[in-house]
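Asks: Got a structure here, written out as structure tokens. Questions coming.
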Amino acid sequence: MKDIQIKKLIDAEKKRQKKVINLIASENYVSKDVLEALGSELTNKYAEGYPGKRYYGGNEIVDKIESLCIERALKLFNLDPKEWHVNVQPLSGSPANLAVYLALLPPPKFVPPGTKDANGVAITTAAPAKIMGMSLDQGGHLTHGQKVSATGKFWQQIPYGLDATTEMLNYDQLRELAMKEKPALIVSGYTAYPRTIDWARMKEVAVASEAMLMVDMSHIAGLVAGGVYPSPFKYADVVTTTTHKTLRGPRAAMIFVRKDSRELDKKIDKAIIPGLQGGPHINQIAAVAVTLKEAMTPAFKKYARQVVNNAAVLAEELKARGWRLISGGTDSHLILIDTWNNGKKNDYGVGAARGAGGITGKEASERLERAGIIVNKNGIPFDTRPPTDPSGIRVGSAAETTRGAKEKDFRAIAKRIDEILRK
Ligand SMILES: Cc1ncc(COP(=O)(O)O)c(C=O)c1O
């Protein structure tokens, strides 16, 4: 590379990545093949539209790439192309979720104040559709309808949270809320929820309240692909996912949608282009295709199993050292540690006293970073501290497992974390 300034910075970042222990739950390390696809000449090509239906010429090869990506995406998750459609063009997870809402719940047409109909009767803008999504402070994502996100400005979020005692989903409470509010769409799949989600129960809630069910499996996609986390496809109308977390691909996203008389598949495609995006990033789509092929291998299945085993060991070791974990543990790659309750031995979190004067999430993440362990500060359910300096940290096992870490390494990591935070 001739640009020495950028080259130096890339090299420095490479070094940083090698040097640290990376416990950011949403990050991972891609293969050389994925990097090669991302850095290829495919980035030069404009390809607005879909395979066989492009606005620009010269897309015969690009069409093959996107079609292959689609074929692999459906195959990886055992989906029949007659029953499921997938759009592989979303640039990332947030625009994918926005596209789903635009497709399924078109915002009402704006009616200027003072407008009257033909009979002189005043008319106003209709109320936006309701999206029932988990609130940010309980583990949901911004794009699940939070006020500060576009998804909370164009639609009305009906926020839900966790059971205050178990810090897990309480499906009876969810059902009650859904029956009262009658949302148009229920969103499941989260950013900071360590446990297994009972998709069948989520579906029951959606059916009872006549809502559609969207699953955002961004965090767990690699675990689902590897067969170590239940698949949501039997139950959801739409499934979105980023490709760069446990799935170990480039930064991108996909939208899977059921093909039926509602024609949601056509609506989703239209929401992506012309609704929200222009030309897809073909280099990114090729990199996703490479990722999907890698995820079909026995080695990836082994990886996914190791990710979950490593997180389980990390959780057990932290608990044994007296750390309170949200919901008492994990079933996935992700753990939420209540650092504020530093050193309080309890029966694994349930009903533990809060605000015991430990260290804040901000201080914990800064201390760990100084010691070469990268995590993110994170709110815990029912947090009494502000989001900028919350009560906990979030850690995950996916990135270090890619680098070959096994149970013994995670035992050592737990010991290190304990030593650093207890100083
Ligand atoms: C559950 C979930 N959905 C969506 C996203 C958004 O993805 P992106 O950062 O690619 O926009 C994230 C990212 O953290 C996420 O955790």
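Labels for the structure tokens follow display order: chains A, B, ..., residues from 1 in each chain, ligands from 1.
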Report as an MDAnalysis selection string all protein, DNA and RNA residues lying within 10 Å of region 202-207 of chain A, evaluated on only C-alpha atoms, omitting residues in the same chain fewer than 2 positions from it.

Replies: chainID A and resid 169 171:179 182:188 197:200 209:215 232 234:237

Asks: Where does chain A meet ligand 1 within 8 Å, residue by residue, with the nearest atom pair and distance in Å to one decimal for each, counting only C-alpha atoms and all ligand atoms, listed by chain and rising number, as CSV?

Replies:
residue,atom,partner,partner_atom_place_in_ligand_line,distance
A:Ser26,CA,ligand 1,14 (O),6.2
A:Leu91,CA,ligand 1,10 (O),7.6
A:Ser92,CA,ligand 1,10 (O),4.0
A:Gly93,CA,ligand 1,7 (O),3.4
A:Ser94,CA,ligand 1,11 (O),3.7
A:Pro95,CA,ligand 1,11 (O),6.5
A:Ala96,CA,ligand 1,11 (O),7.9
A:Asn97,CA,ligand 1,4 (C),7.1
A:Gly140,CA,ligand 1,1 (C),6.9
A:His141,CA,ligand 1,2 (C),5.4
A:Leu142,CA,ligand 1,4 (C),7.6
A:Thr143,CA,ligand 1,4 (C),6.6
A:His144,CA,ligand 1,3 (N),7.9
A:Gly189,CA,ligand 1,1 (C),6.0
A:Tyr190,CA,ligand 1,1 (C),4.4
A:Thr191,CA,ligand 1,16 (O),4.0
A:Ala192,CA,ligand 1,16 (O),7.5
A:Asp216,CA,ligand 1,1 (C),5.6
A:Met217,CA,ligand 1,1 (C),6.3
A:Ser218,CA,ligand 1,1 (C),4.9
A:His219,CA,ligand 1,16 (O),5.7
A:Thr240,CA,ligand 1,3 (N),8.0
A:Thr241,CA,ligand 1,3 (N),6.9
A:Thr242,CA,ligand 1,10 (O),5.8
A:His244,CA,ligand 1,10 (O),7.7
A:Arg251,CA,ligand 1,10 (O),6.3
A:Ala252,CA,ligand 1,10 (O),6.3
A:Ala253,CA,ligand 1,10 (O),6.9

Asks: Mind the document's chain letters and residue numbers, and return as a count of residues only the residues of region 218-294 of chain A that DSSP labels strand (DSSP E or B).

Replies: 11

Asks: Quick one: of A:Asp338, A:Asp11, A:Glu369, A:Asp409, who's nearest to Ser391 (chain A), counting only C-alpha atoms?

Replies: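 For Ser391 (chain A), the nearest of the candidates is A:Asp338.
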
Asks: Any idea what's packed within 6 Å of region 307-320 of chain A, counting only C-alpha atoms, ignoring anything in its chain fewer than 3 positions away? Could you give it as a list in words?

Replies: Ala304, Trp323, Gly329, Ser332, His333, Ser397, Ala398, Thr401, Glu407, Phe410 and Ala414 of chain A

Asks: Would you return as a short mmCIF file (atom, residue, chain, number, x, y, z; two decimals) with N, CA and C atoms, in the first residue's frame the members of region 225-303 of chain A that DSSP assigns to helix (DSSP H, G or I) on this structure's backbone?

Replies:
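The file below, selection27.cif, is the result:
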data_model
loop_
_atom_site.label_atom_id
_atom_site.label_comp_id
_atom_site.auth_asym_id
_atom_site.auth_seq_id
_atom_site.Cartn_x
_atom_site.Cartn_y
_atom_site.Cartn_z
N ALA A 225 -26.28 -21.98 13.33
CA ALA A 225 -25.70 -22.69 12.18
C ALA A 225 -24.91 -23.92 12.64
N LEU A 264 -44.52 -11.36 1.64
CA LEU A 264 -43.57 -10.56 2.42
C LEU A 264 -42.21 -10.53 1.73
N ASP A 265 -41.89 -11.61 0.99
CA ASP A 265 -40.59 -11.66 0.31
C ASP A 265 -40.45 -10.51 -0.69
N LYS A 266 -41.51 -10.29 -1.45
CA LYS A 266 -41.46 -9.21 -2.45
C LYS A 266 -41.36 -7.85 -1.74
N LYS A 267 -42.10 -7.74 -0.64
CA LYS A 267 -42.09 -6.47 0.11
C LYS A 267 -40.70 -6.18 0.68
N ILE A 268 -40.05 -7.22 1.18
CA ILE A 268 -38.70 -7.05 1.76
C ILE A 268 -37.73 -6.61 0.66
N ASP A 269 -37.77 -7.29 -0.47
CA ASP A 269 -36.84 -6.93 -1.56
C ASP A 269 -37.04 -5.47 -1.98
N LYS A 270 -38.30 -5.06 -2.05
CA LYS A 270 -38.58 -3.67 -2.45
C LYS A 270 -38.14 -2.67 -1.37
N ALA A 271 -38.24 -3.10 -0.13
CA ALA A 271 -37.82 -2.20 0.96
C ALA A 271 -36.31 -1.96 0.91
N ILE A 272 -35.56 -3.00 0.52
CA ILE A 272 -34.09 -2.83 0.42
C ILE A 272 -33.77 -1.93 -0.77
N ILE A 273 -34.19 -2.30 -1.95
CA ILE A 273 -34.05 -1.43 -3.10
C ILE A 273 -35.33 -1.49 -3.93
N PRO A 274 -35.98 -0.39 -4.18
CA PRO A 274 -35.52 1.00 -4.07
C PRO A 274 -35.76 1.68 -2.73
N GLY A 275 -36.30 0.96 -1.74
CA GLY A 275 -36.71 1.63 -0.51
C GLY A 275 -35.61 2.29 0.29
N LEU A 276 -34.51 1.56 0.49
CA LEU A 276 -33.55 2.01 1.49
C LEU A 276 -32.13 2.12 0.96
N ILE A 282 -20.96 -5.76 -3.47
CA ILE A 282 -20.77 -7.12 -4.00
C ILE A 282 -19.57 -7.82 -3.36
N ASN A 283 -18.53 -7.05 -3.05
CA ASN A 283 -17.39 -7.66 -2.36
C ASN A 283 -17.82 -8.23 -1.00
N GLN A 284 -18.73 -7.51 -0.35
CA GLN A 284 -19.25 -7.94 0.96
C GLN A 284 -20.12 -9.20 0.78
N ILE A 285 -20.92 -9.21 -0.28
CA ILE A 285 -21.79 -10.37 -0.52
C ILE A 285 -20.94 -11.60 -0.84
N ALA A 286 -19.87 -11.41 -1.59
CA ALA A 286 -18.97 -12.54 -1.87
C ALA A 286 -18.34 -13.04 -0.57
N ALA A 287 -17.97 -12.11 0.30
CA ALA A 287 -17.38 -12.50 1.58
C ALA A 287 -18.40 -13.24 2.45
N VAL A 288 -19.67 -12.83 2.37
CA VAL A 288 -20.71 -13.56 3.11
C VAL A 288 -20.84 -14.97 2.54
N ALA A 289 -20.79 -15.08 1.21
CA ALA A 289 -20.89 -16.42 0.59
C ALA A 289 -19.76 -17.33 1.08
N VAL A 290 -18.55 -16.77 1.17
CA VAL A 290 -17.41 -17.55 1.68
C VAL A 290 -17.68 -17.98 3.13
N THR A 291 -18.15 -17.03 3.93
CA THR A 291 -18.48 -17.32 5.33
C THR A 291 -19.48 -18.47 5.45
N LEU A 292 -20.52 -18.42 4.61
CA LEU A 292 -21.58 -19.43 4.69
C LEU A 292 -21.04 -20.81 4.35
N LYS A 293 -20.14 -20.85 3.37
CA LYS A 293 -19.53 -22.15 3.02
C LYS A 293 -18.68 -22.66 4.19
N GLU A 294 -17.93 -21.75 4.79
CA GLU A 294 -17.11 -22.16 5.95
C GLU A 294 -17.99 -22.69 7.07
N ALA A 295 -19.17 -22.03 7.25
CA ALA A 295 -20.04 -22.41 8.37
C ALA A 295 -20.72 -23.76 8.15
N PRO A 298 -17.67 -29.33 9.10
CA PRO A 298 -17.60 -29.94 10.45
C PRO A 298 -16.73 -29.10 11.39
N ALA A 299 -15.70 -28.45 10.84
CA ALA A 299 -14.82 -27.63 11.69
C ALA A 299 -15.60 -26.49 12.33
N PHE A 300 -16.55 -25.93 11.60
CA PHE A 300 -17.34 -24.82 12.16
C PHE A 300 -18.27 -25.35 13.26
N LYS A 301 -18.85 -26.52 13.04
CA LYS A 301 -19.72 -27.12 14.07
C LYS A 301 -18.92 -27.31 15.37
N LYS A 302 -17.69 -27.77 15.20
CA LYS A 302 -16.81 -27.97 16.35
C LYS A 302 -16.53 -26.62 17.03
N TYR A 303 -16.30 -25.62 16.20
CA TYR A 303 -16.04 -24.27 16.71
C TYR A 303 -17.23 -23.78 17.54
#
